[in-house]
>>> print(open('data_21.txt').read())   # compact mmCIF, C-alpha atoms (C1' of nucleotides)
# COMPACT_ATOMS: atom_id res chain seq x y z
CA MET R 1 39.62 19.17 -25.19
CA THR R 2 40.28 19.13 -21.48
CA GLU R 3 44.03 18.89 -21.91
CA ALA R 4 45.77 22.18 -22.57
CA LEU R 5 44.49 24.07 -19.54
CA ASP R 6 46.86 26.25 -17.61
CA PRO R 7 47.59 24.71 -14.22
CA THR R 8 45.55 27.17 -12.20
CA ALA R 9 42.47 26.41 -14.27
CA ALA R 10 43.10 22.72 -13.80
CA ARG R 11 43.29 23.23 -10.06
CA ARG R 12 40.09 25.19 -10.09
CA ALA R 13 38.39 22.39 -12.00
CA ALA R 14 39.64 19.81 -9.51
CA ILE R 15 38.35 21.89 -6.63
CA LEU R 16 34.98 22.28 -8.32
CA ASP R 17 34.76 18.55 -8.88
CA ALA R 18 35.36 17.84 -5.23
CA ALA R 19 33.10 20.68 -4.13
CA THR R 20 30.10 19.60 -6.18
CA GLY R 21 30.33 16.17 -4.60
CA VAL R 22 30.37 17.55 -1.08
CA PHE R 23 27.64 20.09 -1.73
CA LEU R 24 25.52 17.35 -3.24
CA ARG R 25 25.95 15.18 -0.18
CA TYR R 26 25.47 17.75 2.57
CA GLY R 27 23.75 20.76 1.00
CA PHE R 28 25.00 24.31 0.99
CA LYS R 29 24.70 25.52 4.55
CA LYS R 30 25.95 22.36 6.18
CA THR R 31 29.25 22.24 4.34
CA SER R 32 32.05 24.39 5.66
CA MET R 33 35.07 25.65 3.83
CA ASP R 34 37.01 23.20 5.97
CA ASP R 35 35.01 20.33 4.53
CA LEU R 36 35.61 21.57 1.02
CA ALA R 37 39.32 22.01 1.66
CA ARG R 38 39.64 18.50 3.04
CA ALA R 39 37.70 17.09 0.08
CA ALA R 40 39.93 18.96 -2.36
CA GLY R 41 43.06 17.86 -0.55
CA LEU R 42 44.40 21.24 0.41
CA SER R 43 44.18 23.79 3.16
CA ARG R 44 41.33 26.16 3.74
CA GLN R 45 43.42 29.09 2.56
CA GLY R 46 44.30 27.22 -0.56
CA LEU R 47 40.67 27.56 -1.52
CA TYR R 48 40.72 31.30 -1.00
CA LEU R 49 43.61 31.52 -3.44
CA SER R 50 41.35 30.12 -6.16
CA PHE R 51 37.94 31.37 -5.05
CA ALA R 52 37.20 34.67 -3.37
CA THR R 53 34.28 33.56 -1.22
CA LYS R 54 32.26 30.50 -0.40
CA GLU R 55 29.38 31.90 -2.39
CA ALA R 56 31.56 32.35 -5.47
CA LEU R 57 32.78 28.79 -5.19
CA PHE R 58 29.23 27.61 -4.81
CA LYS R 59 28.06 29.48 -7.85
CA GLU R 60 30.75 27.95 -10.01
CA ALA R 61 30.13 24.52 -8.55
CA VAL R 62 26.46 24.74 -9.42
CA ALA R 63 27.29 25.86 -12.94
CA HIS R 64 29.70 22.92 -13.15
CA LEU R 65 26.99 20.57 -11.94
CA THR R 66 24.20 21.79 -14.17
CA ALA R 67 26.51 21.69 -17.14
CA SER R 68 27.47 18.09 -16.56
CA VAL R 69 23.89 17.08 -15.82
CA ARG R 70 22.80 18.73 -19.02
CA ALA R 71 25.61 16.98 -20.88
CA ALA R 72 24.55 13.66 -19.42
CA SER R 73 20.93 14.10 -20.42
CA VAL R 74 21.88 15.23 -23.90
CA ALA R 75 24.15 12.24 -24.21
CA ALA R 76 21.37 9.93 -23.06
CA LEU R 77 18.96 11.40 -25.57
CA GLY R 78 21.50 11.02 -28.34
CA ARG R 79 22.35 7.38 -27.85
CA GLU R 80 21.29 5.96 -31.17
CA ASP R 81 22.10 2.44 -30.09
CA LEU R 82 19.07 2.54 -27.80
CA GLY R 83 15.37 2.82 -28.45
CA VAL R 84 13.49 6.02 -27.79
CA GLU R 85 12.02 4.76 -24.53
CA GLU R 86 15.42 3.97 -23.08
CA ARG R 87 16.84 7.27 -24.18
CA LEU R 88 14.07 9.26 -22.53
CA LEU R 89 14.35 7.23 -19.40
CA GLY R 90 18.08 7.80 -19.29
CA ALA R 91 17.69 11.52 -19.75
CA PHE R 92 15.26 11.88 -16.88
CA GLU R 93 17.37 9.73 -14.63
CA ALA R 94 20.32 11.93 -15.49
CA VAL R 95 18.63 15.11 -14.38
CA HIS R 96 17.15 13.38 -11.41
CA GLY R 97 20.58 12.99 -9.91
CA ILE R 98 23.62 11.98 -11.77
CA ALA R 99 24.03 8.46 -10.50
CA LEU R 100 20.67 7.23 -9.34
CA GLY R 101 22.08 4.28 -7.51
CA GLN R 102 25.09 6.00 -5.95
CA PRO R 103 24.76 8.20 -2.93
CA GLY R 104 25.19 11.86 -3.69
CA SER R 105 21.98 12.97 -5.32
CA GLU R 106 20.39 13.60 -1.93
CA HIS R 107 20.45 17.36 -1.80
CA MET R 108 20.05 17.99 -5.49
CA ASN R 109 16.75 19.80 -5.01
CA GLU R 110 17.78 21.91 -2.05
CA LEU R 111 20.94 22.78 -3.93
CA LEU R 112 19.11 24.00 -6.98
CA GLU R 113 16.66 25.95 -4.87
CA THR R 114 19.33 27.79 -2.93
CA ALA R 115 21.21 28.28 -6.16
CA ILE R 116 18.16 29.84 -7.77
CA GLN R 117 17.63 32.30 -4.97
CA LEU R 118 21.35 32.98 -4.79
CA ILE R 119 22.33 33.15 -8.43
CA GLY R 120 19.03 33.83 -10.07
CA PRO R 121 16.43 31.93 -12.03
CA SER R 122 18.91 31.24 -14.81
CA VAL R 123 19.68 27.98 -13.04
CA GLY R 124 16.28 26.72 -14.02
CA ASP R 125 17.30 26.95 -17.65
CA MET R 126 18.57 23.40 -17.46
CA GLU R 127 15.08 22.14 -16.74
CA ARG R 128 13.58 24.06 -19.62
CA ALA R 129 16.40 22.92 -21.88
CA LEU R 130 15.64 19.33 -21.00
CA VAL R 131 12.00 19.81 -21.88
CA SER R 132 12.82 21.18 -25.29
CA ASP R 133 15.44 18.48 -25.87
CA VAL R 134 12.86 15.85 -25.06
CA ALA R 135 10.32 17.53 -27.30
CA ARG R 136 12.85 17.51 -30.10
CA LEU R 137 13.46 13.79 -29.72
CA LEU R 138 9.74 13.14 -29.63
CA ARG R 139 9.41 15.02 -32.89
CA SER R 140 12.38 13.51 -34.68
CA SER R 141 11.44 10.00 -33.67
CA GLY R 142 7.96 10.38 -35.04
CA VAL R 143 6.27 9.91 -31.70
CA ALA R 144 4.92 13.43 -31.53
CA ALA R 145 3.33 13.20 -34.97
CA ARG R 146 1.15 10.34 -33.82
CA TRP R 147 -0.30 12.46 -30.99
CA LYS R 148 -0.89 15.52 -33.11
CA GLU R 149 -4.33 14.48 -34.23
CA ALA R 150 -5.45 14.39 -30.60
CA GLY R 151 -4.44 17.98 -30.19
CA ILE R 152 -1.41 17.15 -28.04
CA SER R 153 1.85 18.76 -29.07
CA ALA R 154 5.41 17.55 -28.58
CA LYS R 155 5.84 20.25 -25.99
CA ASP R 156 2.75 19.05 -24.14
CA LEU R 157 4.13 15.54 -24.09
CA ALA R 158 7.55 16.67 -22.93
CA GLU R 159 6.13 18.84 -20.19
CA HIS R 160 3.87 16.05 -19.12
CA LEU R 161 6.87 13.76 -18.72
CA ASP R 162 8.79 16.45 -16.88
CA ALA R 163 5.86 17.02 -14.52
CA THR R 164 5.55 13.31 -13.88
CA SER R 165 9.25 13.10 -13.16
CA TYR R 166 8.95 15.98 -10.73
CA GLY R 167 6.08 14.29 -8.99
CA MET R 168 7.93 11.01 -8.71
CA LYS R 169 11.03 12.73 -7.47
CA HIS R 170 9.12 14.21 -4.57
CA ARG R 171 6.68 11.46 -3.81
CA VAL R 172 8.53 8.26 -4.26
CA ALA R 173 10.69 6.66 -1.65
CA THR R 174 13.09 4.52 -3.64
CA PRO R 175 14.91 4.99 -6.94
CA ALA R 176 13.37 1.72 -8.08
CA GLU R 177 9.87 3.11 -7.69
CA TYR R 178 10.86 6.25 -9.54
CA ARG R 179 12.30 4.17 -12.33
CA ALA R 180 9.20 2.00 -12.56
CA ALA R 181 6.78 4.93 -12.62
CA MET R 182 8.81 6.80 -15.18
CA ARG R 183 9.04 3.70 -17.30
CA THR R 184 5.27 3.43 -17.34
CA ALA R 185 4.91 7.09 -18.25
CA VAL R 186 7.42 6.80 -21.07
CA GLN R 187 5.82 3.63 -22.37
CA ILE R 188 2.43 5.30 -22.45
CA ILE R 189 3.83 8.13 -24.52
CA CYS R 190 5.95 6.04 -26.85
CA ARG R 191 3.76 3.02 -27.40
CA GLY R 192 0.47 4.84 -27.46
CA ALA R 193 -1.21 6.98 -30.05
CA PRO R 194 -4.68 8.33 -30.53
CA GLY R 195 -7.20 6.31 -32.47
CA MET Q 196 -31.76 10.85 3.45
CA THR Q 197 -30.43 13.58 5.68
CA GLU Q 198 -33.79 14.31 7.19
CA ALA Q 199 -34.80 12.06 10.04
CA LEU Q 200 -31.78 12.61 12.27
CA ASP Q 201 -32.28 13.20 15.93
CA PRO Q 202 -31.48 16.82 16.76
CA THR Q 203 -28.22 16.14 18.59
CA ALA Q 204 -26.88 14.30 15.55
CA ALA Q 205 -27.96 17.16 13.35
CA ARG Q 206 -26.12 19.59 15.57
CA ARG Q 207 -23.01 17.43 15.48
CA ALA Q 208 -23.20 17.35 11.68
CA ALA Q 209 -23.54 21.12 11.53
CA ILE Q 210 -20.53 21.54 13.81
CA LEU Q 211 -18.50 19.13 11.70
CA ASP Q 212 -19.42 21.01 8.56
CA ALA Q 213 -18.20 24.28 10.01
CA ALA Q 214 -15.14 22.65 11.55
CA THR Q 215 -13.94 21.01 8.35
CA GLY Q 216 -14.08 24.40 6.67
CA VAL Q 217 -12.01 26.08 9.35
CA PHE Q 218 -9.51 23.22 9.62
CA LEU Q 219 -9.14 23.28 5.86
CA ARG Q 220 -8.39 26.98 5.88
CA TYR Q 221 -6.02 27.20 8.82
CA GLY Q 222 -4.74 23.70 9.49
CA PHE Q 223 -5.00 21.78 12.74
CA LYS Q 224 -2.67 23.53 15.14
CA LYS Q 225 -3.57 27.04 14.15
CA THR Q 226 -7.29 26.70 14.79
CA SER Q 227 -8.47 27.09 18.35
CA MET Q 228 -11.65 25.82 19.89
CA ASP Q 229 -12.71 29.45 19.98
CA ASP Q 230 -12.40 29.67 16.23
CA LEU Q 231 -14.40 26.52 15.80
CA ALA Q 232 -17.06 27.73 18.19
CA ARG Q 233 -17.38 31.02 16.40
CA ALA Q 234 -17.61 29.25 13.05
CA ALA Q 235 -20.28 26.91 14.37
CA GLY Q 236 -22.20 29.78 15.87
CA LEU Q 237 -22.12 28.71 19.49
CA SER Q 238 -19.97 29.05 22.54
CA ARG Q 239 -16.78 27.19 23.23
CA GLN Q 240 -18.47 25.04 25.85
CA GLY Q 241 -21.21 24.21 23.44
CA LEU Q 242 -18.60 22.29 21.50
CA TYR Q 243 -17.59 20.32 24.55
CA LEU Q 244 -21.19 19.22 24.94
CA SER Q 245 -20.99 17.49 21.58
CA PHE Q 246 -17.30 16.55 21.40
CA ALA Q 247 -15.11 15.51 24.27
CA THR Q 248 -11.82 16.97 23.05
CA LYS Q 249 -10.40 18.93 20.17
CA GLU Q 250 -8.72 15.79 18.92
CA ALA Q 251 -12.00 13.88 18.87
CA LEU Q 252 -13.66 16.67 16.95
CA PHE Q 253 -10.77 16.71 14.53
CA LYS Q 254 -10.95 12.98 13.95
CA GLU Q 255 -14.61 13.14 13.11
CA ALA Q 256 -14.11 16.19 10.96
CA VAL Q 257 -11.45 14.40 8.95
CA ALA Q 258 -13.70 11.39 8.56
CA HIS Q 259 -16.45 13.74 7.46
CA LEU Q 260 -14.12 15.36 4.97
CA THR Q 261 -12.69 12.22 3.46
CA ALA Q 262 -16.17 10.76 3.18
CA SER Q 263 -17.50 13.74 1.28
CA VAL Q 264 -14.40 13.91 -0.89
CA ARG Q 265 -14.78 10.25 -1.68
CA ALA Q 266 -18.45 10.77 -2.41
CA ALA Q 267 -17.64 13.67 -4.70
CA SER Q 268 -15.06 11.68 -6.64
CA VAL Q 269 -17.38 8.68 -6.92
CA ALA Q 270 -20.13 10.97 -8.13
CA ALA Q 271 -17.81 12.53 -10.68
CA LEU Q 272 -16.76 9.13 -11.96
CA GLY Q 273 -20.38 8.04 -12.24
CA ARG Q 274 -21.72 10.96 -14.21
CA GLU Q 275 -22.92 9.16 -17.30
CA ASP Q 276 -23.89 12.40 -18.96
CA LEU Q 277 -20.19 13.20 -19.36
CA GLY Q 278 -17.41 11.57 -21.31
CA VAL Q 279 -14.75 9.50 -19.63
CA GLU Q 280 -12.18 12.27 -19.80
CA GLU Q 281 -14.40 14.75 -18.00
CA ARG Q 282 -15.33 12.20 -15.39
CA LEU Q 283 -11.71 11.40 -14.57
CA LEU Q 284 -10.82 15.06 -14.46
CA GLY Q 285 -13.68 15.75 -12.12
CA ALA Q 286 -12.70 12.93 -9.81
CA PHE Q 287 -9.12 14.15 -9.47
CA GLU Q 288 -10.20 17.71 -8.94
CA ALA Q 289 -12.54 16.47 -6.25
CA VAL Q 290 -9.79 14.80 -4.26
CA HIS Q 291 -7.44 17.66 -4.89
CA GLY Q 292 -9.59 19.92 -2.78
CA ILE Q 293 -13.31 20.02 -2.87
CA ALA Q 294 -13.80 23.29 -4.68
CA LEU Q 295 -10.72 24.01 -6.70
CA GLY Q 296 -11.62 27.60 -7.32
CA GLN Q 297 -12.89 28.40 -3.85
CA PRO Q 298 -10.51 29.13 -1.04
CA GLY Q 299 -10.33 26.36 1.49
CA SER Q 300 -8.27 23.62 -0.06
CA GLU Q 301 -5.05 25.19 1.19
CA HIS Q 302 -4.20 22.93 4.08
CA MET Q 303 -5.63 19.73 2.64
CA ASN Q 304 -2.26 18.03 2.60
CA GLU Q 305 -1.11 19.11 6.03
CA LEU Q 306 -4.50 18.09 7.34
CA LEU Q 307 -4.28 14.60 5.95
CA GLU Q 308 -0.71 14.21 7.18
CA THR Q 309 -1.54 15.19 10.73
CA ALA Q 310 -4.65 13.07 10.51
CA ILE Q 311 -2.60 10.07 9.43
CA GLN Q 312 -0.16 10.38 12.29
CA LEU Q 313 -3.03 11.09 14.69
CA ILE Q 314 -5.68 8.64 13.61
CA GLY Q 315 -3.65 6.10 11.74
CA PRO Q 316 -2.88 5.19 8.14
CA SER Q 317 -6.53 4.30 7.55
CA VAL Q 318 -6.99 7.87 6.35
CA GLY Q 319 -4.96 7.05 3.28
CA ASP Q 320 -7.60 4.55 2.25
CA MET Q 321 -9.38 7.29 0.38
CA GLU Q 322 -6.42 7.69 -1.94
CA ARG Q 323 -6.21 3.99 -2.63
CA ALA Q 324 -9.96 3.81 -3.10
CA LEU Q 325 -9.75 6.53 -5.70
CA VAL Q 326 -7.08 4.62 -7.58
CA SER Q 327 -9.17 1.50 -7.74
CA ASP Q 328 -12.29 3.48 -8.64
CA VAL Q 329 -10.39 5.07 -11.50
CA ALA Q 330 -9.05 1.71 -12.58
CA ARG Q 331 -12.57 0.34 -12.59
CA LEU Q 332 -13.81 3.13 -14.84
CA LEU Q 333 -10.86 2.64 -17.16
CA ARG Q 334 -11.79 -1.01 -17.42
CA SER Q 335 -15.53 -0.57 -17.84
CA SER Q 336 -15.12 2.14 -20.43
CA GLY Q 337 -12.87 -0.01 -22.53
CA VAL Q 338 -9.88 2.29 -22.21
CA ALA Q 339 -7.82 -0.20 -20.25
CA ALA Q 340 -8.34 -2.94 -22.77
CA ARG Q 341 -6.67 -0.87 -25.45
CA TRP Q 342 -3.51 -0.54 -23.36
CA LYS Q 343 -3.33 -4.17 -22.41
CA GLU Q 344 -1.32 -5.23 -25.43
CA ALA Q 345 1.44 -2.81 -24.41
CA GLY Q 346 1.71 -4.55 -21.07
CA ILE Q 347 0.12 -1.67 -19.17
CA SER Q 348 -2.70 -2.59 -16.81
CA ALA Q 349 -5.65 -0.53 -15.67
CA LYS Q 350 -4.00 -0.25 -12.26
CA ASP Q 351 -0.82 1.04 -13.89
CA LEU Q 352 -2.81 3.69 -15.70
CA ALA Q 353 -4.74 4.69 -12.62
CA GLU Q 354 -1.62 4.93 -10.50
CA HIS Q 355 0.10 6.89 -13.22
CA LEU Q 356 -2.72 9.42 -13.17
CA ASP Q 357 -2.67 9.53 -9.39
CA ALA Q 358 1.06 10.10 -9.39
CA THR Q 359 0.76 12.88 -11.93
CA SER Q 360 -1.96 14.49 -9.85
CA TYR Q 361 0.26 14.27 -6.80
CA GLY Q 362 3.11 15.88 -8.68
CA MET Q 363 0.97 18.75 -9.88
CA LYS Q 364 -0.49 19.25 -6.46
CA HIS Q 365 2.96 19.75 -4.96
CA ARG Q 366 4.53 21.73 -7.74
CA VAL Q 367 4.16 25.50 -7.84
CA ALA Q 368 1.01 25.07 -9.83
CA THR Q 369 -1.92 27.36 -9.76
CA PRO Q 370 -5.26 25.59 -10.02
CA ALA Q 371 -5.33 26.51 -13.69
CA GLU Q 372 -1.96 24.88 -14.29
CA TYR Q 373 -3.03 21.83 -12.37
CA ARG Q 374 -6.16 21.57 -14.42
CA ALA Q 375 -4.30 21.95 -17.70
CA ALA Q 376 -1.67 19.37 -16.82
CA MET Q 377 -4.21 16.86 -15.62
CA ARG Q 378 -6.26 17.41 -18.74
CA THR Q 379 -3.27 16.55 -20.86
CA ALA Q 380 -2.56 13.46 -18.80
CA VAL Q 381 -6.14 12.27 -19.03
CA GLN Q 382 -6.29 12.94 -22.73
CA ILE Q 383 -3.15 10.92 -23.30
CA ILE Q 384 -4.64 7.99 -21.47
CA CYS Q 385 -8.10 8.19 -22.98
CA ARG Q 386 -7.34 9.15 -26.54
CA GLY Q 387 -4.25 7.07 -26.93
CA ALA Q 388 -3.64 3.42 -27.42
CA PRO Q 389 -0.67 1.31 -28.39
CA GLY Q 390 -0.07 0.53 -32.03
C1' DA J 391 -29.98 22.94 26.25
C1' DC J 392 -26.92 26.34 26.01
C1' DT J 393 -24.29 30.58 27.73
C1' DT J 394 -21.25 33.25 30.56
C1' DG J 395 -17.39 33.82 33.39
C1' DA J 396 -13.73 32.00 35.76
C1' DC J 397 -10.07 28.67 36.60
C1' DA J 398 -5.61 25.55 36.78
C1' DA J 399 -2.57 23.13 33.83
C1' DC J 400 -0.21 23.13 29.98
C1' DA J 401 1.83 24.32 25.48
C1' DT J 402 3.66 28.11 22.44
C1' DT J 403 5.87 32.23 21.65
C1' DG J 404 9.07 35.93 21.92
C1' DG J 405 13.06 37.90 23.70
C1' DC J 406 17.36 37.42 25.88
C1' DT J 407 22.06 35.82 26.69
C1' DC J 408 25.78 32.78 25.90
C1' DC J 409 28.66 29.84 23.22
C1' DG J 410 30.68 27.18 19.53
C1' DG J 411 31.44 27.24 14.78
C1' DT J 412 32.33 29.65 10.41
C1' DT J 413 33.88 33.16 7.31
C1' DG J 414 37.17 36.03 5.46
C1' DT J 415 41.76 38.26 6.27
C1' DA J 416 46.49 38.55 7.63
C1' DA J 417 50.99 37.35 8.95
C1' DA J 418 54.87 34.42 8.95
C1' DG J 419 56.77 29.86 7.56
C1' DT J 420 58.63 26.40 3.92
C1' DA A 421 52.60 28.22 -4.54
C1' DC A 422 50.86 26.53 -0.62
C1' DT A 423 50.72 25.76 4.60
C1' DT A 424 50.21 26.90 9.34
C1' DT A 425 48.61 29.71 12.89
C1' DA A 426 46.19 33.40 14.56
C1' DC A 427 42.36 36.70 14.74
C1' DA A 428 38.15 39.88 14.46
C1' DA A 429 33.43 39.70 12.90
C1' DC A 430 29.55 37.33 12.36
C1' DC A 431 25.87 33.89 12.48
C1' DG A 432 22.97 30.04 14.36
C1' DG A 433 21.72 27.16 17.88
C1' DA A 434 21.02 26.03 22.99
C1' DG A 435 19.21 27.34 26.98
C1' DC A 436 16.28 30.08 29.92
C1' DC A 437 12.42 33.24 31.46
C1' DA A 438 8.44 35.78 31.06
C1' DA A 439 4.17 36.49 28.69
C1' DT A 440 0.64 34.95 26.24
C1' DG A 441 -2.68 31.63 24.36
C1' DT A 442 -5.11 27.29 24.65
C1' DT A 443 -7.27 23.34 26.55
C1' DG A 444 -10.38 21.10 29.36
C1' DT A 445 -13.29 21.61 33.55
C1' DC A 446 -16.51 23.79 36.77
C1' DA A 447 -20.16 26.49 38.75
C1' DA A 448 -23.75 29.52 38.13
C1' DG A 449 -27.02 31.81 35.09
C1' DT A 450 -31.11 31.83 31.63
>>> encode(input="data_21.txt", output="structure tokens")
Amino acid sequence: MTEALDPTAARRAAILDAATGVFLRYGFKKTSMDDLARAAGLSRQGLYLSFATKEALFKEAVAHLTASVRAASVAALGREDLGVEERLLGAFEAVHGIALGQPGSEHMNELLETAIQLIGPSVGDMERALVSDVARLLRSSGVAARWKEAGISAKDLAEHLDATSYGMKHRVATPAEYRAAMRTAVQIICRGAPG
Amino acid sequence: MTEALDPTAARRAAILDAATGVFLRYGFKKTSMDDLARAAGLSRQGLYLSFATKEALFKEAVAHLTASVRAASVAALGREDLGVEERLLGAFEAVHGIALGQPGSEHMNELLETAIQLIGPSVGDMERALVSDVARLLRSSGVAARWKEAGISAKDLAEHLDATSYGMKHRVATPAEYRAAMRTAVQIICRGAPG
DNA sequence: ACTTGACAACATTGGCTCCGGTTGTAAAGT
DNA sequence: ACTTTACAACCGGAGCCAATGTTGTCAAGT
């Protein structure tokens, strides 16, 4: 489905790919159009032929990014070859920053913040979408039903996990610590039940 | 037990009480000795009769603060008239900022940070003490035992709660949101069990 | 015992200019 | 269709200077 694009659209997509990487590494303010041009393999003016302003390029890059992050988390949640715990873990690692091991997820937070106050709060939709996706999985897998009798809904559980992820993201030094803490949180939800 | 202090010690304690309040409201840098003097109800030089420098006063004030926070959390954990959930909740609210509703917990974090890089990492002991206190309660109340078979230790549970608290504390979170999220987290731990 | 008033030394702040870098546009080249 | 070069407008940071605020000390008062 990514085949029959007219060449200009393909070029735009290539530019966006390169741009998201650079933005992710250096943040918004610290990347110049020169940097983006070099990363995309063309001249600075080449960019202006495809994108009117830096801000416009940024907006589309963020949309590109959030879309692929969302796709990654949805894909993680849908992997039926894995258990529920692994799927949840994968989804949260996906939103945390695409490749947790690779460099490049550094400025994810700053990026989303500037995007929010530049584009609008619609950017935050991804986060809310993740929460409801997670809640859905918790329901369909039967996990949520087990917590119901304690007065804790699927949404509560999902938001709890999201909050924990947020906390880890900001507190923790290393990806390994994040992974370990999130694993514990997920295990508590998935293996536990009231009674 | 706060009766038979010699008068100079009593004065110092009164000053520290006032100082912790002011520091908590305005942070370290933004409070002047004048402010502290006014809050303590004496002149600026009166302070220098009891404390050599602003830094010394600050150190003792932080010690004062952490001690009373610790005492409050220990007291909350020990209230045998309440259930385990309420006790845990109370303990975390205590460390979050003494009175969650009252103004004054604003600069708690900044305060502890500057204290750490001014006094040393010993300030962080309070946090670790809380974690082990919580773990102890989880063990003695039988909650931890129920999670053991899932490979989750009391320390894991306690650190999970601490991490969640940290996350909430740093998120946008109004006190009400913090309270609600922590309640959910505590309920999950206390009402749930593997199986 | 504590206050008042005054003091030098120092840190912080605000305003100011200057300068390099960046954006967006335009022309001419290939 | 894209590059190269050039350019006006703008912004942010570096550096400096004056003004203000703050600390810690002192002497004298009550």
>>> residues_around(input="data_21.txt", residues="DG404 in chain J", least_positions_apart="3", cutoff="10 Å", atoms="all atoms listed in the file", output="list of chain:residue names")
A:DA438, A:DA439, A:DT440
>>> write_last_selection(input="data_21.txt", atoms="C-alpha atoms (C1' of nucleotides)", output="JSON list (two decimals), keeping the file's coordinate frame")
[["chain", "number", "residue", "atom", "x", "y", "z"],
["A", 438, "DA", "C1'", 8.44, 35.78, 31.06],
["A", 439, "DA", "C1'", 4.17, 36.49, 28.69],
["A", 440, "DT", "C1'", 0.64, 34.95, 26.24]]
>>> closest_residue(input="data_21.txt", among="R:Arg183, R:Arg12, R:Lys148, R:Arg191", to="Leu161 in chain R", atoms="all atoms listed in the file")
R:Arg183
>>> closest_atom_pairs(input="data_21.txt", of="chain Q", to="chain A", cutoff="10 Å", atoms="only C-alpha atoms (C1' of nucleotides)", output="CSV")
residue,atom,partner,partner_atom,distance
Q:Ser227,CA,A:DT442,C1',7.1
Q:Met228,CA,A:DT442,C1',8.2
Q:Asp229,CA,A:DT442,C1',9.2
Q:Gln240,CA,A:DG444,C1',9.7
Q:Tyr243,CA,A:DG444,C1',8.7
Q:Ala247,CA,A:DG444,C1',8.9
Q:Thr248,CA,A:DG444,C1',7.7
Q:Lys249,CA,A:DT443,C1',8.4
>>> write_last_selection(input="data_21.txt", atoms="C-alpha atoms", output="compact mmCIF listing (two decimals), in the frame of the given file")
# COMPACT_ATOMS: atom_id res chain seq x y z
CA SER Q 227 -8.47 27.09 18.35
CA MET Q 228 -11.65 25.82 19.89
CA ASP Q 229 -12.71 29.45 19.98
CA GLN Q 240 -18.47 25.04 25.85
CA TYR Q 243 -17.59 20.32 24.55
CA ALA Q 247 -15.11 15.51 24.27
CA THR Q 248 -11.82 16.97 23.05
CA LYS Q 249 -10.40 18.93 20.17
>>> residues_around(input="data_21.txt", residues="Gly195 in chain R", least_positions_apart="6", cutoff="10 Å", atoms="only C-alpha atoms (C1' of nucleotides)", output="PyMOL selection string")
(chain R and resi 146-147+149-150) or (chain Q and resi 385-390)
>>> closest_residue(input="data_21.txt", among="Q:Leu242, Q:Ile314, Q:Leu260, Q:Leu306", to="Lys225 in chain Q", atoms="all atoms listed in the file")
Q:Leu306
>>> residues_near_point(input="data_21.txt", point="(27.2, 18.0, -13.7)", cutoff="12 Å", atoms="all atoms listed in the file", output="PyMOL selection string")
chain R and resi 16-21+24+60-74+94-99+104-105+108+126
>>> closest_atom_pairs(input="data_21.txt", of="chain J", to="chain R", cutoff="12 Å", atoms="all atoms listed in the file", output="Markdown table")
| residue | atom | partner | partner_atom | distance |
| --- | --- | --- | --- | --- |
| J:DG411 | C1' | R:Ser32 | CA | 9.6 |
| J:DT412 | C1' | R:Ser32 | CA | 7.1 |
| J:DT413 | C1' | R:Lys54 | CA | 8.3 |
| J:DG414 | C1' | R:Thr53 | CA | 7.7 |
| J:DT415 | C1' | R:Gln45 | CA | 10.0 |
| J:DA416 | C1' | R:Gln45 | CA | 11.2 |
>>> atom_distance(input="data_21.txt", atom1="CA of Glu127 in chain R", atom2="CA of Phe28 in chain R")
20.4 Å
>>> interface_residues(input="data_21.txt", of="chain Q", to="chain R", cutoff="9 Å", atoms="all atoms listed in the file", output="list in words")
Trp342, Ala345, Ile347, Asp351, Leu352, Glu354, His355, Ala358, Thr359, Ser360, Tyr361, Gly362, Met363, Lys364, His365, Arg366, Ala376, Met377, Thr379, Ala380, Gln382, Ile383, Ile384, Cys385, Arg386, Gly387, Ala388, Pro389 and Gly390 of chain Q
>>> atom_distance(input="data_21.txt", atom1="CA of Ser335 in chain Q", atom2="CA of Leu272 in chain Q")
11.4 Å
>>> atom_distance(input="data_21.txt", atom1="CA of Leu89 in chain R", atom2="CA of Ala286 in chain Q")
29.3 Å
>>> residues_near_point(input="data_21.txt", point="(-27.6, 23.6, 25.6)", cutoff="12 Å", atoms="only C-alpha atoms (C1' of nucleotides)", output="PDB file with C-alpha atoms (C1' of nucleotides), in the coordinates of the input")
ATOM      1  CA  PRO Q 202     -31.480  16.820  16.760  1.00  0.00           C
ATOM      2  CA  THR Q 203     -28.220  16.140  18.590  1.00  0.00           C
ATOM      3  CA  ARG Q 206     -26.120  19.590  15.570  1.00  0.00           C
ATOM      4  CA  LEU Q 237     -22.120  28.710  19.490  1.00  0.00           C
ATOM      5  CA  SER Q 238     -19.970  29.050  22.540  1.00  0.00           C
ATOM      6  CA  ARG Q 239     -16.780  27.190  23.230  1.00  0.00           C
ATOM      7  CA  GLN Q 240     -18.470  25.040  25.850  1.00  0.00           C
ATOM      8  CA  GLY Q 241     -21.210  24.210  23.440  1.00  0.00           C
ATOM      9  CA  LEU Q 242     -18.600  22.290  21.500  1.00  0.00           C
ATOM     10  CA  TYR Q 243     -17.590  20.320  24.550  1.00  0.00           C
ATOM     11  CA  LEU Q 244     -21.190  19.220  24.940  1.00  0.00           C
ATOM     12  CA  SER Q 245     -20.990  17.490  21.580  1.00  0.00           C
TER      13      SER Q 245
ATOM     14  C1'  DA J 391     -29.980  22.940  26.250  1.00  0.00           C
ATOM     15  C1'  DC J 392     -26.920  26.340  26.010  1.00  0.00           C
ATOM     16  C1'  DT J 393     -24.290  30.580  27.730  1.00  0.00           C
TER      17       DT J 393
ATOM     18  C1'  DT A 450     -31.110  31.830  31.630  1.00  0.00           C
TER      19       DT A 450
END
